[in-house]
There are 4 protein chains.
Amino acid sequence: MGQKISFASDYTKGAHPKILEALADNNLNQMPGYGTDEICERAKAKIRKACGCPGAEVFFLMGGTQTNQTVIDMLLKPYEGVIAAGTGHIAVHEAGAVEFSGHKVLTLHPAGAETDTERYGSEIGKINAEELKAYVEAFYSDDSYEHMVFPGAVYISHPTEYGTLYTKKELTDISKVCGEKGIPLFLDGARLGYGLMSKRTDVTLGDIAELVDVFYIGGTKVGALFGEAVVFPKGLPTKHPVPVIKQHGALLAKGFLLGLQFDELFTDGLYFDISRNAIDMAELMKEKLKDKGYKFLLDSPTNQQFVIIDKEKLKEIEPHVGYSYWQKFSPTQTVIRLATDWATTVEDIDKLMQYM
Amino acid sequence: MGQKISFASDYTKGAHPKILEALADNNLNQMPGYGTDEICERAKAKIRKACGCPGAEVFFLMGGTQTNQTVIDMLLKPYEGVIAAGTGHIAVHEAGAVEFSGHKVLTLHPAGAETDTERYGSEIGKINAEELKAYVEAFYSDDSYEHMVFPGAVYISHPTEYGTLYTKKELTDISKVCGEKGIPLFLDGARLGYGLMSKRTDVTLGDIAELVDVFYIGGTKVGALFGEAVVFPKGLPTKHPVPVIKQHGALLAKGFLLGLQFDELFTDGLYFDISRNAIDMAELMKEKLKDKGYKFLLDSPTNQQFVIIDKEKLKEIEPHVGYSYWQKFSPTQTVIRLATDWATTVEDIDKLMQYM
Amino acid sequence: MGQKISFASDYTKGAHPKILEALADNNLNQMPGYGTDEICERAKAKIRKACGCPGAEVFFLMGGTQTNQTVIDMLLKPYEGVIAAGTGHIAVHEAGAVEFSGHKVLTLHPAGAETDTERYGSEIGKINAEELKAYVEAFYSDDSYEHMVFPGAVYISHPTEYGTLYTKKELTDISKVCGEKGIPLFLDGARLGYGLMSKRTDVTLGDIAELVDVFYIGGTKVGALFGEAVVFPKGLPTKHPVPVIKQHGALLAKGFLLGLQFDELFTDGLYFDISRNAIDMAELMKEKLKDKGYKFLLDSPTNQQFVIIDKEKLKEIEPHVGYSYWQKFSPTQTVIRLATDWATTVEDIDKLMQYM
Amino acid sequence: MGQKISFASDYTKGAHPKILEALADNNLNQMPGYGTDEICERAKAKIRKACGCPGAEVFFLMGGTQTNQTVIDMLLKPYEGVIAAGTGHIAVHEAGAVEFSGHKVLTLHPAGAETDTERYGSEIGKINAEELKAYVEAFYSDDSYEHMVFPGAVYISHPTEYGTLYTKKELTDISKVCGEKGIPLFLDGARLGYGLMSKRTDVTLGDIAELVDVFYIGGTKVGALFGEAVVFPKGLPTKHPVPVIKQHGALLAKGFLLGLQFDELFTDGLYFDISRNAIDMAELMKEKLKDKGYKFLLDSPTNQQFVIIDKEKLKEIEPHVGYSYWQKFSPTQTVIRLATDWATTVEDIDKLMQYM
């Protein structure tokens, strides 16, 4: 690793120092197991408050794929599938974890990165209310719908895998369709902080709590060592979440570790402050890259930026800069992803710019 | 919690200070994701060395049920089940996680705590080579065995859920039966350190690596914040473990967190030293309890002790001492579990004895 | 096969001639697919009438394991298992079909044929209300029940795999426990006709419809080519049974074939008449075997008889008589199963007796 | 039903009279269970001969979805999915049976009936070697392929769900790609006879046996009461097919019923003769419809014809003619499917034409 600086992802570092402190301070305070402790309760209370949702059910899981798999399994009946964008994480990059649990991912439009960005532009990664409505109505108007997979839940990510965001209007429209059709809406918030703190969003945490049936507040990519806070604003779809979580191998013995982290993140607005840092650094990086003449695959309003770069140049920066290969762009150009995070500094950006 | 001292389990505390230090020291050192980093490699090398097994495949998972489920799923063909003791953790306390993955747990003898301890005494929690052999041979001599669940793996825990241990002879005999029958042997080592450091064991880490096909070295209950190191001494049963792990929601994005912890645990024998502490403290506790006239459900050689206590007395200690209810013993007596761990001190034992 | 006569099972022959006739008569009458035809409706109406249950939901499946798997999957939540006797077909002889669907079979007492018959005698194959009640109450009184598999349904077979029968009192008691605990009761009636027509039963079809939540009327072993009629006397546990059935590969394109068969079986009491024949022949066979000095493993009141036979004698009859090996009895004796069926004749019994 | 004539599907009738005769003739000949009888052996031998494949493994299942689900489950490792056309039966009309078994259906191009036919014309329903090759190569060249679903088998139907056929060249090319990539090729032959007897095919049964790894010869839609013959020309992918079949609820107790039917179908070329009838009748129907000015959605060379019809006209024929609704065509026109079968007569076509 050495001196190489990495913008490859937002999960290359440990945790915010306050979280490490909290872990150290509570290290030998004995806690009951499986998240039944008082620190988890305290963290849940803070999350409910931040969501403006005193009746919400909250629990903590360890990672994104695990959370998607477990939540979707809670929402669906055995013969139901989950609707997602073709680019959705559950549709592409979770090794079939949803299918492993017996459910089909019903994609509203196909994935295929190269063409998608052309076709969908800044809407890439998103679904919209009209196509969702059309899909559900076409399903039930099909004579043989009982031989098909029922649409039992809708999955959206915010920010999406391409860093894009729903507007409040778009989210409201999707929520309305879901409500009319009786289909629960699940929002994957693995990078939720970066969405909420974007300069170009009108969506608040409270809006999300109001508009969706379940969402999660990502910790792994936003300042925690690991962990995701699942929030059911209107209550749980199952009477017994514990055995479902356990069956998925997702019940952490030392659940208090998750409580401790989210307790810190939701004290004095820490989650929002560190999320804002990633956005500020992304904007700075974007500006500087533009100044150098770089173009972008799309205009991402969050911490992931998709930069078009000459293959020659890419070879040149390779020894110095960590990045994620994203897709081909042209015979001589490639798209790479550069992600800022809760800990990125102006110095990091400056260092990056030395090589770009 | 306050001043109450707990012996309820070995997962009530955080991590050994050296682990917290390592996390802090490496906090902003950027790492690649999913355990592909150099710290994981370093930890794996140390584990291979400790096992005397340079060719072993090692990977890290997050918790016990997750590990059992994932490893068993790797070992079995779809029509195979896993043999276990009726008291085995996978048979009783994992909410059917193995069945959730489509496989039956084939129990060699029934669970039923009250009667088991009478029937099996200090052999409780264990299987033996003879009954295993008889089971497999009976299976294949049944005319209709193709209509039954094939025995595709053998699961044992060491220490068992009752704190008991296999002798080297017993383990060798089971291993031999498994080898003859072509059935892989899996050892659940959630508390492995406490087994290896028992005063009354002749089984070493090297013996285990030699005798089983896969085992794990438990971190969650032995000094780590969380994490289990899965070791396949003779290689992996699947060409692609990553998608299998991912499908189970078990692939930690920041895999380096697991590498960091096991790197510490396997530096300068830390894992063994802190395991020995739990044993020393358990022996001290046992001695002091015996001096006070307490009797035990069975003679456990590890960190879990099963104490017979008057119901009246139990009420009395309740506000001061955390314990796990285990089972009924008589109309007036109860069995409780008291567990020491890597961090238990002589002062803790003294404090406990004030109330007992 | 040639001249050899077989009592190996009750599924060695085709179908009652009236069923073949009905198939031939309707062969080119075009029907809609998947059981949506009028003959299925007619058959269902006759079954409802025979059960005295005008509001019952009825559907047709193809075979026993398929029916057990599909019905159990309809009854259970993902984290629930099904309670059964250790000797239950789902626990032993269905290749783990229930586990394949993700659910554990919770056995009330262990299987182990040799010892079971000693221990349980004529109660073999059955569960009883007391042990069921104790099991469920023990479950919910366990502190860690949310880490265990919830009892979500009860499976019984009538007749059992050993030919034994529940009394009306026993069935009522089990039904009462199930009702009190909110756990649906499922009766596997693969050989239901032979149970209902036993000389020693006080249980009627109407009783079953009243006492259980779902049962099936076996056709495969009782005069049909194949097919089982599933009856939910109090309504379905799922709004959409079709996709569940389809997911299990259990939706027959030409569903009318099942309707045609059950329509015949439930016209003019055919199902009962041919069932009675099997019982009459079993009683005759038993009497003649007793006259020859044969002893039985247990006193079965239905069409399956478990005969103790010298190994020497067994070799002798082997070329002439088809039988099912059941279990060892003593160093020199074996237990074989001899089953009569809807088509067994007095001549068949006479022929058998020539060799026995 | 009455006098209404139906072209709604090819599974509206019973079986070819020779099959009914065979069932009647063998009705009381006792057979061992689960397809272990000599008639199944005889049928298998005839199928092997017809395929020119003496070493083929053959077994019989009951229906199409069941067969697709069971075969695909045999082919795939847990982390693998099956590639199919977006219009593939497994992708659209099997209620998620493949996903229910834990596997993803990887669609090469999206379904969406209205637009597909425009986009793909007579290629609708098919995949091609180039796109398959591109898909597999793109998969393995993706950095994160271990986080995605591995392509573990290829599913094609012949005829497809739209009645279209692969040419020998196309099949050879797909087979070649599969061979190079080590991915087994599975051909769904639910309507295989109608493909083989098309006037416009150069593909023989022997070609298929040579080019694919597993296929099935559909009986349900081609003259049998029910049943599909699964053929593995190069041997089985699993040592123990029986428990896999049993786990899927797909092991028929009276397996001889399937053997009897396929024995008839493969005696004196019956399967081919009756398949040819369906083709002849389809061609006749098509000609007569064209004479009346009807247009078709696509030029289907098999027994399923997709006719464009005015909505007014459709209402008019409704009381007299059974058809399958297929899709919208224009504001005033609809596409319906009319299927001939093994038993369709010239009189049936004439009767149809009275109303069209």
# chains A, B, ... in the order shown; residues from 1 in each chain; ligands from 1
$ select_by_dssp --residues "segment 121-318 of chain C" --states "strand (DSSP E or B)" --output "mmCIF file with C-alpha atoms, in the first residue's frame"
data_model
loop_
_atom_site.group_PDB
_atom_site.id
_atom_site.type_symbol
_atom_site.label_atom_id
_atom_site.label_comp_id
_atom_site.auth_asym_id
_atom_site.auth_seq_id
_atom_site.Cartn_x
_atom_site.Cartn_y
_atom_site.Cartn_z
ATOM 1 C CA PHE C 150 -40.443 -22.297 15.917
ATOM 2 C CA PRO C 151 -43.024 -25.076 15.828
ATOM 3 C CA GLY C 152 -45.216 -23.824 12.988
ATOM 4 C CA ALA C 153 -47.245 -26.884 12.011
ATOM 5 C CA VAL C 154 -47.879 -30.443 13.142
ATOM 6 C CA TYR C 155 -47.639 -33.338 10.700
ATOM 7 C CA ILE C 156 -49.286 -36.677 11.399
ATOM 8 C CA SER C 157 -49.948 -39.595 9.082
ATOM 9 C CA LEU C 185 -52.523 -29.615 12.032
ATOM 10 C CA PHE C 186 -51.745 -31.444 8.789
ATOM 11 C CA LEU C 187 -52.776 -35.069 8.242
ATOM 12 C CA ASP C 188 -50.950 -37.074 5.592
ATOM 13 C CA VAL C 214 -55.420 -29.622 6.091
ATOM 14 C CA PHE C 215 -55.240 -33.247 4.997
ATOM 15 C CA TYR C 216 -55.014 -35.187 1.826
ATOM 16 C CA ILE C 217 -56.943 -38.097 0.422
ATOM 17 C CA GLY C 218 -54.416 -40.386 -1.162
ATOM 18 C CA GLU C 228 -53.656 -36.761 -4.054
ATOM 19 C CA ALA C 229 -56.590 -34.543 -3.155
ATOM 20 C CA VAL C 230 -55.555 -31.836 -0.708
ATOM 21 C CA VAL C 231 -58.392 -30.550 1.469
ATOM 22 C CA PHE C 232 -58.301 -27.388 3.559
ATOM 23 C CA LYS C 295 -45.997 -63.626 14.378
ATOM 24 C CA PHE C 296 -46.179 -59.899 13.641
ATOM 25 C CA GLN C 304 -49.788 -52.999 5.733
ATOM 26 C CA GLN C 305 -48.788 -56.066 7.750
ATOM 27 C CA PHE C 306 -45.351 -56.518 9.284
ATOM 28 C CA VAL C 307 -44.530 -60.201 9.387
ATOM 29 C CA ILE C 308 -41.680 -61.813 11.298
ATOM 30 C CA ILE C 309 -40.114 -64.490 9.136
ATOM 31 C CA ASP C 310 -37.145 -66.843 9.388
#
$ select_by_dssp --residues "segment 103-335 of chain A" --states "alpha helix (DSSP H)" --output "ChimeraX atom specification"
/A:113-120,129-141,168-181,192-196,205-211,241-247,256-265,270-291,311-317
$ interface_residues --of "chain C" --to "chain B" --cutoff "6 Å" --atoms "only C-alpha atoms" --output "ChimeraX atom specification"
/C:93-96,99-100,102-104,147-149
$ residues_around --residues "segment 261-278 of chain B" --least-positions-apart "4" --cutoff "7 Å" --atoms "only C-alpha atoms" --output "list in words"
Lys18, Ile19, Arg42, Ala43, Lys46, Ile47, Gly193, Tyr194, Met197, Val222, Ala224, Leu257, Ala282, Asn303, Thr340, Asp341, Trp342 and Thr344 of chain B
$ write_last_selection --atoms "N, CA and C atoms" --output "CSV table (one decimal), in the first residue's frame"
chain,number,residue,atom,x,y,z
B,18,LYS,N,-4.9,-5.0,22.8
B,18,LYS,CA,-3.9,-4.9,21.6
B,18,LYS,C,-4.7,-4.9,20.3
B,19,ILE,N,-5.9,-5.4,20.3
B,19,ILE,CA,-6.7,-5.4,19.1
B,19,ILE,C,-7.3,-4.0,18.9
B,42,ARG,N,-1.1,-11.6,6.0
B,42,ARG,CA,-0.2,-11.8,7.1
B,42,ARG,C,-0.8,-12.6,8.2
B,43,ALA,N,-2.1,-12.3,8.5
B,43,ALA,CA,-2.8,-13.1,9.6
B,43,ALA,C,-2.9,-14.5,9.1
B,46,LYS,N,0.3,-16.4,9.6
B,46,LYS,CA,0.5,-16.7,11.0
B,46,LYS,C,-0.4,-17.9,11.5
B,47,ILE,N,-1.6,-17.9,11.0
B,47,ILE,CA,-2.5,-19.0,11.4
B,47,ILE,C,-2.0,-20.3,10.8
B,193,GLY,N,-9.9,-21.8,21.6
B,193,GLY,CA,-8.8,-21.5,22.5
B,193,GLY,C,-9.0,-22.1,23.9
B,194,TYR,N,-10.3,-22.0,24.4
B,194,TYR,CA,-10.5,-22.5,25.7
B,194,TYR,C,-10.4,-24.1,25.8
B,197,MET,N,-6.4,-24.8,25.7
B,197,MET,CA,-5.7,-24.4,26.9
B,197,MET,C,-6.2,-25.1,28.1
B,222,VAL,N,-13.2,-15.2,22.1
B,222,VAL,CA,-11.8,-15.3,22.6
B,222,VAL,C,-11.0,-14.1,22.2
B,224,ALA,N,-11.4,-11.3,20.4
B,224,ALA,CA,-11.6,-10.3,19.3
B,224,ALA,C,-12.9,-9.6,19.5
B,257,LEU,N,-10.6,-5.6,8.7
B,257,LEU,CA,-10.8,-5.6,10.2
B,257,LEU,C,-10.7,-6.9,10.8
B,282,ALA,N,-11.5,-20.1,35.4
B,282,ALA,CA,-12.6,-21.1,35.6
B,282,ALA,C,-12.2,-22.1,36.6
B,303,ASN,N,-14.0,-23.3,30.0
B,303,ASN,CA,-14.4,-22.0,30.6
B,303,ASN,C,-15.9,-21.9,31.0
B,340,THR,N,-16.2,-18.0,32.3
B,340,THR,CA,-15.1,-17.0,32.3
B,340,THR,C,-14.7,-16.7,30.9
B,341,ASP,N,-13.8,-15.7,30.8
B,341,ASP,CA,-13.3,-15.4,29.4
B,341,ASP,C,-11.9,-14.9,29.5
B,342,TRP,N,-11.4,-14.4,28.3
B,342,TRP,CA,-10.0,-13.9,28.2
B,342,TRP,C,-9.7,-12.8,29.1
B,344,THR,N,-11.3,-12.2,32.2
B,344,THR,CA,-11.8,-12.4,33.6
B,344,THR,C,-10.6,-12.2,34.6
$ residues_around --residues "Glu210 of chain A" --least-positions-apart "2" --cutoff "10 Å" --atoms "only C-alpha atoms" --output "list in words"
Cys51, Gly52, Cys53, Thr172, Ser175, Thr204, Leu205, Gly206, Asp207, Ile208, Val212, Asp213, Val214, Pro233 and Lys234 of chain A
$ closest_residue --among "A:Val136, A:Ala22, A:Val335, A:Lys254" --to "Gly219 of chain B" --atoms "only C-alpha atoms"
A:Lys254
$ closest_residue --among "C:Ile317, C:Leu225, C:Ile83, C:Val71" --to "Leu258 of chain D" --atoms "only C-alpha atoms"
C:Leu225
$ atom_distance --atom1 "atom CA of Tyr34 of chain C" --atom2 "atom CA of Leu251 of chain C"
6.4 Å
$ atom_distance --atom1 "atom CA of Ile72 of chain A" --atom2 "atom CA of His248 of chain B"
13.7 Å
$ decode --residues "segment 286-305 of chain C" --atoms "N, CA and C atoms" --output "PDB file, in the first residue's frame"
ATOM      1  N   LYS C 286     -53.781 -61.986   7.290  1.00  0.00           N
ATOM      2  CA  LYS C 286     -53.288 -62.042   8.668  1.00  0.00           C
ATOM      3  C   LYS C 286     -53.754 -63.333   9.342  1.00  0.00           C
ATOM      4  N   GLU C 287     -55.014 -63.625   9.164  1.00  0.00           N
ATOM      5  CA  GLU C 287     -55.599 -64.827   9.753  1.00  0.00           C
ATOM      6  C   GLU C 287     -54.869 -66.076   9.256  1.00  0.00           C
ATOM      7  N   LYS C 288     -54.676 -66.125   7.962  1.00  0.00           N
ATOM      8  CA  LYS C 288     -54.035 -67.312   7.385  1.00  0.00           C
ATOM      9  C   LYS C 288     -52.575 -67.425   7.828  1.00  0.00           C
ATOM     10  N   LEU C 289     -51.929 -66.259   7.945  1.00  0.00           N
ATOM     11  CA  LEU C 289     -50.535 -66.286   8.396  1.00  0.00           C
ATOM     12  C   LEU C 289     -50.463 -66.735   9.850  1.00  0.00           C
ATOM     13  N   LYS C 290     -51.381 -66.241  10.651  1.00  0.00           N
ATOM     14  CA  LYS C 290     -51.433 -66.659  12.061  1.00  0.00           C
ATOM     15  C   LYS C 290     -51.661 -68.164  12.155  1.00  0.00           C
ATOM     16  N   ASP C 291     -52.549 -68.665  11.318  1.00  0.00           N
ATOM     17  CA  ASP C 291     -52.822 -70.111  11.305  1.00  0.00           C
ATOM     18  C   ASP C 291     -51.539 -70.900  11.033  1.00  0.00           C
ATOM     19  N   LYS C 292     -50.688 -70.306  10.220  1.00  0.00           N
ATOM     20  CA  LYS C 292     -49.416 -70.977   9.911  1.00  0.00           C
ATOM     21  C   LYS C 292     -48.359 -70.712  10.972  1.00  0.00           C
ATOM     22  N   GLY C 293     -48.732 -69.964  11.998  1.00  0.00           N
ATOM     23  CA  GLY C 293     -47.788 -69.745  13.089  1.00  0.00           C
ATOM     24  C   GLY C 293     -46.956 -68.486  13.000  1.00  0.00           C
ATOM     25  N   TYR C 294     -47.219 -67.659  12.018  1.00  0.00           N
ATOM     26  CA  TYR C 294     -46.434 -66.419  11.905  1.00  0.00           C
ATOM     27  C   TYR C 294     -46.796 -65.446  13.021  1.00  0.00           C
ATOM     28  N   LYS C 295     -45.777 -64.710  13.423  1.00  0.00           N
ATOM     29  CA  LYS C 295     -45.997 -63.626  14.378  1.00  0.00           C
ATOM     30  C   LYS C 295     -45.756 -62.291  13.658  1.00  0.00           C
ATOM     31  N   PHE C 296     -46.249 -61.216  14.278  1.00  0.00           N
ATOM     32  CA  PHE C 296     -46.179 -59.899  13.641  1.00  0.00           C
ATOM     33  C   PHE C 296     -45.408 -58.915  14.525  1.00  0.00           C
ATOM     34  N   LEU C 297     -44.771 -57.965  13.869  1.00  0.00           N
ATOM     35  CA  LEU C 297     -44.028 -56.936  14.615  1.00  0.00           C
ATOM     36  C   LEU C 297     -44.974 -56.143  15.498  1.00  0.00           C
ATOM     37  N   LEU C 298     -46.129 -55.851  14.958  1.00  0.00           N
ATOM     38  CA  LEU C 298     -47.156 -55.136  15.716  1.00  0.00           C
ATOM     39  C   LEU C 298     -48.508 -55.495  15.115  1.00  0.00           C
ATOM     40  N   ASP C 299     -49.530 -55.146  15.809  1.00  0.00           N
ATOM     41  CA  ASP C 299     -50.876 -55.516  15.403  1.00  0.00           C
ATOM     42  C   ASP C 299     -51.468 -54.402  14.539  1.00  0.00           C
ATOM     43  N   SER C 300     -51.155 -54.411  13.243  1.00  0.00           N
ATOM     44  CA  SER C 300     -51.596 -53.330  12.364  1.00  0.00           C
ATOM     45  C   SER C 300     -53.040 -53.509  11.938  1.00  0.00           C
ATOM     46  N   PRO C 301     -53.848 -52.481  12.107  1.00  0.00           N
ATOM     47  CA  PRO C 301     -55.264 -52.563  11.732  1.00  0.00           C
ATOM     48  C   PRO C 301     -55.545 -52.152  10.298  1.00  0.00           C
ATOM     49  N   THR C 302     -54.506 -51.973   9.497  1.00  0.00           N
ATOM     50  CA  THR C 302     -54.762 -51.505   8.126  1.00  0.00           C
ATOM     51  C   THR C 302     -54.155 -52.459   7.090  1.00  0.00           C
ATOM     52  N   ASN C 303     -53.858 -51.948   5.921  1.00  0.00           N
ATOM     53  CA  ASN C 303     -53.474 -52.840   4.816  1.00  0.00           C
ATOM     54  C   ASN C 303     -52.009 -53.254   4.799  1.00  0.00           C
ATOM     55  N   GLN C 304     -51.201 -52.625   5.655  1.00  0.00           N
ATOM     56  CA  GLN C 304     -49.788 -52.999   5.733  1.00  0.00           C
ATOM     57  C   GLN C 304     -49.596 -53.923   6.934  1.00  0.00           C
ATOM     58  N   GLN C 305     -49.026 -55.100   6.682  1.00  0.00           N
ATOM     59  CA  GLN C 305     -48.788 -56.066   7.750  1.00  0.00           C
ATOM     60  C   GLN C 305     -47.292 -56.346   7.845  1.00  0.00           C
TER      61      GLN C 305
END
